[in-house]
Amino acid sequence: MQKRVWLFRAGFILAMLLIAGRLFRIQILQHDSWIAKAEEMHIVQSKIPATRGEIYMLENDEPVAVVLNQSSWTVVIDPQTANPEKTEKIVGELVKEQMVAKWSDIFANRNLRYYVAARNVTRDVAKKIREEELTGVYLIEGNSRVYPEGETGSTMLGFVNAEGEGQYGIEGALNEELAGKDGLLKTVTDVNNVALSIGDDNVRVPAEDGKNIVLTVDRGLERKIENGIRDYLKEKSATHASALVMDPRTGRVLAMATVPTYDATNYARVEDGSVYVNPVTEVAYEPASICKTFAFAAAIEEGKMTPETTYYNPGYFTIDSQKIENAYKGQLGEITMQTALNYSLNTGSMTALMLLGGSTQEITAKARETLYNYYYERFGLGKYTGIELYESPGTLVGPHDEVYGLNAFYANMTFGQNLQLSMIQVAAAFSSVVNGGNYYRPTIVAGEVTKDGEFVRSEQEGPVRRTISEETSATMRRMLYGTRNSRRLYGIDKTGYYIGGKTGTAQTIIDGAYSFDETVASYIGYGGTEGELPEYVIMVKIWEKGQKIEGEKDAMPLFDKLSNLTIDYLKIRPKGV
Amino acid sequence: MRNQYASRYASYGRNQNIVRHSSRTLGTITVSLTLVLIVVLLALIYVTQGAKATGYDYDISRVDSEIAELQAQKEDLAVEQARLTSVVASENSEVAASMENASVAGYAQE
């Protein structure tokens with residue numbers, strides 16, 4: 001009896017020791033490992049997504065939303081378990097517009113378990129699908145961008161891709177500000193996945209929502225300009241055009257439109273990806289004779305010429321063994337610089353360059369240096385303007401660069417060839433030429449809308465630098481007015497307004513040489529009440545592959561149309577009213 | 001023996017405040033039961049409070065869901081409002097379709 005009791009006790013103690021040993025192993029030696037496993041089971045760590053900021057335009061100086069967020073659902077099909085006929089009949093009918101795949105493709109391989117059938121499905125439709133309780137049909141909630149203005153301003157606004165990253169336009173360039181910062185939630189949950197407040201490791205870092213950005217762009221004007229371009233192009237062989245409307249007194253962009261546009265909601269359906277690129281800021285090109293404005297302004301500012309200064313126009317100059325001709329073959333002989341600008345004579349702008357170097361016969365190093373100083377340092381051509389969008393800096397050859405035929409290069413630069421500039425660079429520089437000589441950084445951001453719905457305006461920046469004097473600016477306004485009105489073959493301006501401008505027809509380089517078979521047409525002009533500083537600057541550009549498009553014949557009439565439209569929209573009063 | 005009692009009574013006689021106590025201690029079982037009872041009571045309090053906290057957590061979760069739902073509805077309404085007041089919607093409206101283009105803008109002379 002005693003022996004059995006002893007054996008029982010010994011067995012009991014041994015069992016206790018084994019359990020204690022096992023507990024020691026689990027609780028002490030493998031402590032961290034088991035804690036990690038336990039936490040994995042009942043602690044949920046998830047991202048608190050930041051709400052992407054909305055984008056607003058202005059209307060009557062008040063912000064109106066043009067890009068918003070909305071919950072949306074993605075319909076996913078499990079081809080292995082879903083009933084093809086029933087699913088297609090019910091789901092297909094409900095998400096006809098949002099389908100991203102064909103039903104025949106979805107059920108082509110029944111071994112697949114996951115096939116995205118539709119995206120951007122609305123709440124109501126998602127609810128109807130859920131109520132059907134279809135086998136093999138799943139709904140994944142997400143967030144999508146909504147564009148109540150349709151395709152208006154799409155090239156300027158950009159889009160948000162499936163990963164939630166802004167691409168192109170404002171969405172891309174200001175992605176960091178719009179995206180905000182995701183938060184973190186780490187919490188103990190129960191079997192129902194409900195977050196519990198017990199536990200020492202709960203962490204909740206709130207998300208920082210993205211900024212609601214307000215653009216300087218006027219919604220109504222943007223739409224009118226875009227429609228104006230679209231209507232105009234119906235009469236032309238070209239299908240591509242851009243227009244920029246700026247306030248030359250502040251550098252604020254009032255409209256930035258490009259046709260063709262695209263549907264940002266279905267950006268992936270775009271066949272030609274080039275429509276994503278904003279031609280106003282991202283594409284540098286040769287703006288051609290528009291640049292004569294800058295060469296003439298430089299020469300006048302330097303006191304080397306006036307509009308009445310005369311020179312002998314032989315129809316061409318030979319520089320660095322290159323014969324550089326006028327596009328217009330008339331007005332030969334002794335003519336004024338005003339006439340040269342009116343007829344856009346290359347010999348006139350080349351003469352202005354020569355005058356900058358103190359000569360009338362040759363292009364000196366001083367002439368190149370002075371022109372470069374004006375172009376690059378003062379007018380900001382060939383470098384970033386600082387606008388809140390993706391930009392191309394363009395190219396500008398330096399006055400001492402080792403380039404074959406440097407003088408010929410500079411001669412070409414006076415009439416806008418052999419350099420690459422963006423429309424925004426040209427428009428900002430032109431604004432300074434006509435606004436009294438002040439260069440303003442072009443801007444497209446007017447401020448932000450706070451979470452409380454308050455519109456907080458960005459501080460209005462002053463002029464960055466002076467490019468030319470007020471006197472030179474006034475002279476240039478007169479010259480540009482004279483040029484426009486001496487060549488009003490197609491344009492019709494309203495009375496009481498003072499509108500001036502300059503054409504540009506750029507040859508394109510085909511097989512390494514400039515060709516007139518494909519040209520890009522531009523026009524830049526200013527407008528406002530007669531006797532007052534200009535209230536708007538408009539630059540237009542039209543292009544089409546393989547087409548000969550001219551500044552005077554094609555771009556100027558578009559400017560006329562948009563200029564009149566802007567006067568009406570902005571309610572600019574004529575002189576004396 | 002007599003002297004012994006005599007001295008005891010004598011001491012009572014000297015100090016009338018002295019009282020006699022009989023020792024009454026709790027038994028082992030009673031102590032154990034009391035301890036168990038206290039532990040059970042404390043455990044019950046802990047469980048009750050824990051359940052109460054979990055109940056609040058469910059409330060919080062439900063309110064969070066309601067907030068999210070209302071937020072989503074607000075977003076939907078904002079989108080609907082933006083669509084209805086958009087320039088595109090105005091252009092395509094029946095009112096706009098029945099309007100004529102104005103070619104000349106008149107200004108009153110001062």
# chains A, B, ... in the order shown; residues from 1 in each chain; ligands from 1

$ interface_residues --of "chain B" --to "chain A" --cutoff "6 Å" --atoms "only C-alpha atoms" --output "list of chain:residue names"
B:Asp57, B:Glu75, B:Ala82, B:Arg83, B:Ser86, B:Val88, B:Gln109

$ select_by_dssp --residues "stretch 114-349 of chain A" --states "alpha helix (DSSP H)" --output "JSON, numbers by chain"
{"A": [123, 124, 125, 126, 127, 128, 129, 130, 131, 132, 154, 155, 156, 157, 169, 170, 171, 172, 173, 175, 176, 177, 178, 179, 219, 220, 221, 222, 223, 224, 225, 226, 227, 228, 229, 230, 231, 232, 233, 234, 292, 293, 294, 295, 296, 297, 298, 299, 300, 301, 337, 338, 339, 340, 341, 342, 346, 347, 348, 349]}

$ decode --residues "stretch 249-294 of chain A" --atoms "N, CA and C atoms" --output "CSV table (one decimal), in the first residue's frame"
chain,number,residue,atom,x,y,z
A,249,ARG,N,-1.4,91.0,-65.3
A,249,ARG,CA,-1.1,91.8,-64.1
A,249,ARG,C,-0.7,91.0,-62.9
A,250,THR,N,-0.9,89.7,-62.9
A,250,THR,CA,-0.6,88.9,-61.8
A,250,THR,C,0.1,87.6,-62.1
A,251,GLY,N,0.1,87.2,-63.4
A,251,GLY,CA,0.6,85.9,-63.7
A,251,GLY,C,-0.3,84.7,-63.5
A,252,ARG,N,-1.5,85.0,-63.1
A,252,ARG,CA,-2.5,83.9,-62.8
A,252,ARG,C,-3.1,83.4,-64.1
A,253,VAL,N,-3.2,82.1,-64.2
A,253,VAL,CA,-3.7,81.4,-65.3
A,253,VAL,C,-5.3,81.4,-65.2
A,254,LEU,N,-5.9,81.9,-66.2
A,254,LEU,CA,-7.4,82.0,-66.1
A,254,LEU,C,-8.0,80.8,-66.9
A,255,ALA,N,-7.3,80.3,-67.9
A,255,ALA,CA,-7.8,79.1,-68.6
A,255,ALA,C,-6.6,78.4,-69.2
A,256,MET,N,-6.6,77.1,-69.3
A,256,MET,CA,-5.5,76.4,-69.9
A,256,MET,C,-6.2,75.2,-70.6
A,257,ALA,N,-6.5,75.3,-71.9
A,257,ALA,CA,-7.4,74.3,-72.5
A,257,ALA,C,-6.6,73.7,-73.7
A,258,THR,N,-6.8,72.4,-73.8
A,258,THR,CA,-6.2,71.7,-74.9
A,258,THR,C,-7.3,70.7,-75.5
A,259,VAL,N,-7.3,70.7,-76.8
A,259,VAL,CA,-8.2,69.7,-77.5
A,259,VAL,C,-7.3,68.8,-78.4
A,260,PRO,N,-7.4,67.5,-78.4
A,260,PRO,CA,-8.5,66.7,-77.8
A,260,PRO,C,-8.3,66.5,-76.3
A,261,THR,N,-9.4,66.3,-75.7
A,261,THR,CA,-9.4,66.0,-74.2
A,261,THR,C,-9.6,64.5,-74.1
A,262,TYR,N,-9.7,64.1,-72.8
A,262,TYR,CA,-10.0,62.7,-72.6
A,262,TYR,C,-10.8,62.5,-71.3
A,263,ASP,N,-11.4,61.3,-71.2
A,263,ASP,CA,-12.2,61.1,-70.0
A,263,ASP,C,-11.3,60.5,-68.9
A,264,ALA,N,-11.1,61.3,-67.9
A,264,ALA,CA,-10.1,60.9,-66.9
A,264,ALA,C,-10.6,59.8,-66.0
A,265,THR,N,-11.9,59.5,-66.0
A,265,THR,CA,-12.5,58.4,-65.3
A,265,THR,C,-12.1,57.1,-66.0
A,266,ASN,N,-12.0,57.1,-67.3
A,266,ASN,CA,-11.7,56.0,-68.1
A,266,ASN,C,-10.4,56.2,-68.8
A,267,TYR,N,-9.4,56.7,-68.1
A,267,TYR,CA,-8.1,57.2,-68.7
A,267,TYR,C,-7.4,56.0,-69.4
A,268,ALA,N,-7.7,54.8,-69.0
A,268,ALA,CA,-7.0,53.6,-69.6
A,268,ALA,C,-7.5,53.3,-71.0
A,269,ARG,N,-8.7,53.8,-71.3
A,269,ARG,CA,-9.3,53.6,-72.6
A,269,ARG,C,-8.7,54.4,-73.7
A,270,VAL,N,-7.9,55.4,-73.3
A,270,VAL,CA,-7.3,56.3,-74.3
A,270,VAL,C,-6.4,55.6,-75.2
A,271,GLU,N,-6.5,55.8,-76.5
A,271,GLU,CA,-5.7,55.1,-77.5
A,271,GLU,C,-4.4,55.8,-77.7
A,272,ASP,N,-4.4,57.1,-77.8
A,272,ASP,CA,-3.2,57.9,-78.0
A,272,ASP,C,-2.7,58.5,-76.7
A,273,GLY,N,-1.7,57.9,-76.1
A,273,GLY,CA,-1.2,58.4,-74.7
A,273,GLY,C,-0.7,59.8,-74.7
A,274,SER,N,-0.5,60.4,-75.9
A,274,SER,CA,0.0,61.8,-75.9
A,274,SER,C,-1.0,62.8,-75.4
A,275,VAL,N,-2.2,62.4,-75.4
A,275,VAL,CA,-3.3,63.4,-74.9
A,275,VAL,C,-3.1,63.6,-73.4
A,276,TYR,N,-2.4,62.8,-72.7
A,276,TYR,CA,-2.1,63.0,-71.3
A,276,TYR,C,-1.2,64.2,-71.0
A,277,VAL,N,-0.3,64.4,-72.0
A,277,VAL,CA,0.7,65.5,-71.8
A,277,VAL,C,0.1,66.8,-72.1
A,278,ASN,N,0.4,67.7,-71.2
A,278,ASN,CA,-0.1,69.1,-71.3
A,278,ASN,C,0.8,69.9,-72.2
A,279,PRO,N,0.3,70.3,-73.4
A,279,PRO,CA,1.2,71.0,-74.4
A,279,PRO,C,1.6,72.4,-73.9
A,280,VAL,N,0.8,72.9,-73.0
A,280,VAL,CA,1.1,74.3,-72.5
A,280,VAL,C,2.3,74.4,-71.7
A,281,THR,N,2.6,73.4,-70.9
A,281,THR,CA,3.7,73.5,-70.0
A,281,THR,C,4.8,72.4,-70.2
A,282,GLU,N,4.3,71.3,-70.7
A,282,GLU,CA,5.3,70.2,-70.8
A,282,GLU,C,6.0,70.0,-72.2
A,283,VAL,N,5.4,70.7,-73.2
A,283,VAL,CA,6.0,70.6,-74.5
A,283,VAL,C,6.7,71.8,-74.9
A,284,ALA,N,8.0,71.7,-75.2
A,284,ALA,CA,8.8,72.8,-75.7
A,284,ALA,C,8.8,72.8,-77.2
A,285,TYR,N,8.6,73.9,-77.8
A,285,TYR,CA,8.6,73.9,-79.3
A,285,TYR,C,9.2,75.2,-79.8
A,286,GLU,N,9.2,75.4,-81.1
A,286,GLU,CA,9.8,76.6,-81.6
A,286,GLU,C,8.6,77.5,-81.9
A,287,PRO,N,8.4,78.6,-81.1
A,287,PRO,CA,7.2,79.4,-81.3
A,287,PRO,C,7.3,80.4,-82.5
A,288,ALA,N,8.4,80.3,-83.1
A,288,ALA,CA,8.6,81.1,-84.4
A,288,ALA,C,8.5,82.6,-84.1
A,289,SER,N,7.9,83.3,-85.1
A,289,SER,CA,8.0,84.8,-85.1
A,289,SER,C,7.4,85.5,-83.9
A,290,ILE,N,6.8,84.8,-83.0
A,290,ILE,CA,6.3,85.4,-81.8
A,290,ILE,C,7.5,86.0,-81.0
A,291,CYS,N,8.7,85.3,-81.2
A,291,CYS,CA,9.9,85.7,-80.5
A,291,CYS,C,10.5,87.1,-81.0
A,292,LYS,N,10.0,87.5,-82.2
A,292,LYS,CA,10.4,88.9,-82.7
A,292,LYS,C,10.0,89.9,-81.6
A,293,THR,N,8.9,89.7,-80.9
A,293,THR,CA,8.5,90.6,-79.9
A,293,THR,C,9.6,90.8,-78.9
A,294,PHE,N,10.3,89.7,-78.5
A,294,PHE,CA,11.3,89.8,-77.4
A,294,PHE,C,12.6,90.5,-78.0
